[in-house]
Amino acid sequence: VNDFSELVVYEENNPPTPINTAVSLLDSDDRNLNSATVEFTAYIKYEDVLVYPDQVGNITAQFDEELGVMNMQGDDTIDNWNRAISSLSYQNESDNPQAILRVVDFIVRDTASGEARFRSNVVVAPVNDAPVIQEMDELLDYTENDLPKTLLNQVLLEDKDDTNLESATITLSANFVSGEDVLAFADTADITGSWNGTTGVLTLTGSATKANYKA
């Protein structure tokens, strides 16, 4: 094999990305190869996955999710093994992946049990996932001179890659009447509210848990 180490950048939520497209396997005394092992040096279970998209010739592959090892088998030509190895792809299944370098080692064997080793390095680039609020259709019945009433009794709020939230805005977006309508918030230890009576926007600021923002 030509001696090289390939560097690949994988961005969170991307489809499977090939990790060794420039591989060039050679064998001076064998026309065929028959197996390969592809493995992570520091495998992160439930994140790292190796994908063999389409079978090439006689070459089959199976990924062991417990060990982080792809075992490839099949007595086939060196050209087909080049194609099979080049098609191997990396995918990360987490919405909050660890941003550490993944090192993937390849060991390719011929029919006489000779072997060649090379590696790829995968840089995982996390992407910030925005918070998600499930749409709620609650009807608030307010009569003139009533005491302040709670807008929402239940809020379903999720953020896949953050434990804390930093801010929120609540807007009276339809039929707002300045000087009449007011959104009020009782400040907590971590969250402060600011009401703009001109625009009809209540702004909450402060780093706090999702549970505290829900409350």
# chains A, B, ... in the order shown; residues from 1 in each chain; ligands from 1
call {"tool": "residues_around", "arguments": {"residues": "stretch 35-47 of chain A", "least_positions_apart": "2", "cutoff": "10 Å", "atoms": "only C-alpha atoms", "output": "ChimeraX atom specification"}}
result
/A:32-33,49-50,59-61,63-76,81,85,88,91-98,100-111,113,115-121
call {"tool": "residues_around", "arguments": {"residues": "A:Asn82", "least_positions_apart": "3", "cutoff": "7 Å", "atoms": "only C-alpha atoms", "output": "PyMOL selection string"}}
result
chain A and resi 23-25+78-79+85-86
call {"tool": "closest_residue", "arguments": {"among": "A:Thr77, A:Asn145, A:Thr21, A:Gln154", "to": "A:Ile133", "atoms": "only C-alpha atoms"}}
result
A:Gln154
call {"tool": "closest_residue", "arguments": {"among": "A:Gly114, A:Pro131, A:Pro16, A:Gly57", "to": "A:Lys160", "atoms": "only C-alpha atoms"}}
result
A:Pro131
call {"tool": "closest_residue", "arguments": {"among": "A:Glu144, A:Tyr213, A:Ile19, A:Ala125", "to": "A:Thr169", "atoms": "only C-alpha atoms"}}
result
A:Tyr213
call {"tool": "atom_distance", "arguments": {"atom1": "atom CA of A:Thr199", "atom2": "atom CA of A:Glu158"}}
result
27.1 Å
call {"tool": "select_by_dssp", "arguments": {"residues": "stretch 34-214 of chain A", "states": "helix (DSSP H, G or I)", "output": "VMD selection string"}}
result
chain A and resid 78 to 87 210 to 214
call {"tool": "write_last_selection", "arguments": {"atoms": "N, CA and C atoms", "output": "short mmCIF file (atom, residue, chain, number, x, y, z; two decimals), in the first residue's frame"}}
result
data_model
loop_
_atom_site.label_atom_id
_atom_site.label_comp_id
_atom_site.auth_asym_id
_atom_site.auth_seq_id
_atom_site.Cartn_x
_atom_site.Cartn_y
_atom_site.Cartn_z
N ILE A 78 -7.26 -7.15 -6.47
CA ILE A 78 -6.76 -5.95 -5.79
C ILE A 78 -7.55 -4.72 -6.23
N ASP A 79 -7.94 -4.66 -7.50
CA ASP A 79 -8.76 -3.53 -7.97
C ASP A 79 -10.07 -3.44 -7.21
N ASN A 80 -10.74 -4.58 -7.04
CA ASN A 80 -12.00 -4.57 -6.30
C ASN A 80 -11.79 -4.21 -4.83
N TRP A 81 -10.69 -4.66 -4.26
CA TRP A 81 -10.41 -4.27 -2.87
C TRP A 81 -10.13 -2.77 -2.76
N ASN A 82 -9.46 -2.21 -3.74
CA ASN A 82 -9.27 -0.75 -3.75
C ASN A 82 -10.62 -0.04 -3.77
N ARG A 83 -11.53 -0.51 -4.60
CA ARG A 83 -12.86 0.09 -4.69
C ARG A 83 -13.62 -0.07 -3.38
N ALA A 84 -13.54 -1.26 -2.78
CA ALA A 84 -14.28 -1.51 -1.53
C ALA A 84 -13.75 -0.64 -0.40
N ILE A 85 -12.42 -0.59 -0.24
CA ILE A 85 -11.83 0.23 0.82
C ILE A 85 -12.15 1.71 0.61
N SER A 86 -12.10 2.15 -0.66
CA SER A 86 -12.37 3.56 -0.95
C SER A 86 -13.81 3.95 -0.65
N SER A 87 -14.72 2.97 -0.67
CA SER A 87 -16.13 3.28 -0.42
C SER A 87 -16.49 3.33 1.06
N LYS A 210 -32.91 23.88 31.21
CA LYS A 210 -34.14 23.81 30.42
C LYS A 210 -35.36 23.71 31.33
N ALA A 211 -35.21 22.98 32.43
CA ALA A 211 -36.33 22.84 33.38
C ALA A 211 -36.71 24.19 33.96
N ASN A 212 -35.72 25.04 34.26
CA ASN A 212 -36.04 26.35 34.82
C ASN A 212 -36.69 27.26 33.76
N TYR A 213 -36.25 27.14 32.52
CA TYR A 213 -36.91 27.93 31.48
C TYR A 213 -38.33 27.44 31.22
N LYS A 214 -38.56 26.14 31.31
CA LYS A 214 -39.91 25.62 31.15
C LYS A 214 -40.84 26.18 32.24
#
call {"tool": "residues_around", "arguments": {"residues": "A:Leu152", "least_positions_apart": "2", "cutoff": "10 Å", "atoms": "only C-alpha atoms", "output": "PyMOL selection string"}}
result
chain A and resi 136-140+149-150+154-155+214-215
call {"tool": "decode", "arguments": {"residues": "stretch 6-20 of chain A", "atoms": "N, CA, C and O atoms", "output": "JSON list (two decimals), in the first residue's frame"}}
result
[["chain", "number", "residue", "atom", "x", "y", "z"],
["A", 6, "GLU", "N", -4.79, 9.73, 5.64],
["A", 6, "GLU", "CA", -5.75, 10.69, 5.08],
["A", 6, "GLU", "C", -6.51, 11.41, 6.20],
["A", 6, "GLU", "O", -6.83, 10.81, 7.23],
["A", 7, "LEU", "N", -6.79, 12.69, 6.00],
["A", 7, "LEU", "CA", -7.54, 13.48, 6.97],
["A", 7, "LEU", "C", -8.89, 13.85, 6.36],
["A", 7, "LEU", "O", -8.96, 14.40, 5.26],
["A", 8, "VAL", "N", -9.96, 13.55, 7.10],
["A", 8, "VAL", "CA", -11.33, 13.81, 6.63],
["A", 8, "VAL", "C", -12.05, 14.62, 7.70],
["A", 8, "VAL", "O", -11.92, 14.35, 8.89],
["A", 9, "VAL", "N", -12.82, 15.62, 7.27],
["A", 9, "VAL", "CA", -13.64, 16.41, 8.20],
["A", 9, "VAL", "C", -15.09, 15.98, 8.03],
["A", 9, "VAL", "O", -15.63, 15.99, 6.93],
["A", 10, "TYR", "N", -15.70, 15.57, 9.15],
["A", 10, "TYR", "CA", -17.10, 15.15, 9.14],
["A", 10, "TYR", "C", -17.90, 16.13, 9.99],
["A", 10, "TYR", "O", -17.61, 16.34, 11.17],
["A", 11, "GLU", "N", -18.94, 16.73, 9.39],
["A", 11, "GLU", "CA", -19.79, 17.67, 10.11],
["A", 11, "GLU", "C", -21.03, 16.95, 10.63],
["A", 11, "GLU", "O", -21.64, 16.14, 9.93],
["A", 12, "GLU", "N", -21.38, 17.26, 11.88],
["A", 12, "GLU", "CA", -22.54, 16.63, 12.53],
["A", 12, "GLU", "C", -23.76, 16.59, 11.61],
["A", 12, "GLU", "O", -24.09, 17.57, 10.94],
["A", 13, "ASN", "N", -24.42, 15.42, 11.60],
["A", 13, "ASN", "CA", -25.64, 15.16, 10.84],
["A", 13, "ASN", "C", -25.42, 15.01, 9.33],
["A", 13, "ASN", "O", -26.40, 14.87, 8.58],
["A", 14, "ASN", "N", -24.18, 15.02, 8.88],
["A", 14, "ASN", "CA", -23.92, 14.76, 7.47],
["A", 14, "ASN", "C", -24.20, 13.28, 7.15],
["A", 14, "ASN", "O", -24.17, 12.43, 8.04],
["A", 15, "PRO", "N", -24.47, 12.96, 5.90],
["A", 15, "PRO", "CA", -24.58, 11.55, 5.51],
["A", 15, "PRO", "C", -23.21, 10.87, 5.62],
["A", 15, "PRO", "O", -22.19, 11.55, 5.83],
["A", 16, "PRO", "N", -23.17, 9.54, 5.49],
["A", 16, "PRO", "CA", -21.88, 8.84, 5.55],
["A", 16, "PRO", "C", -20.86, 9.45, 4.58],
["A", 16, "PRO", "O", -21.18, 9.71, 3.42],
["A", 17, "THR", "N", -19.64, 9.67, 5.08],
["A", 17, "THR", "CA", -18.60, 10.35, 4.32],
["A", 17, "THR", "C", -17.41, 9.41, 4.12],
["A", 17, "THR", "O", -16.86, 8.89, 5.09],
["A", 18, "PRO", "N", -16.98, 9.18, 2.85],
["A", 18, "PRO", "CA", -15.82, 8.31, 2.61],
["A", 18, "PRO", "C", -14.58, 8.81, 3.35],
["A", 18, "PRO", "O", -14.34, 10.01, 3.42],
["A", 19, "ILE", "N", -13.81, 7.87, 3.89],
["A", 19, "ILE", "CA", -12.67, 8.27, 4.73],
["A", 19, "ILE", "C", -11.32, 7.88, 4.13],
["A", 19, "ILE", "O", -10.28, 8.20, 4.72],
["A", 20, "ASN", "N", -11.32, 7.20, 2.96],
["A", 20, "ASN", "CA", -10.03, 6.83, 2.38],
["A", 20, "ASN", "C", -10.15, 6.67, 0.87],
["A", 20, "ASN", "O", -9.97, 5.59, 0.33]]
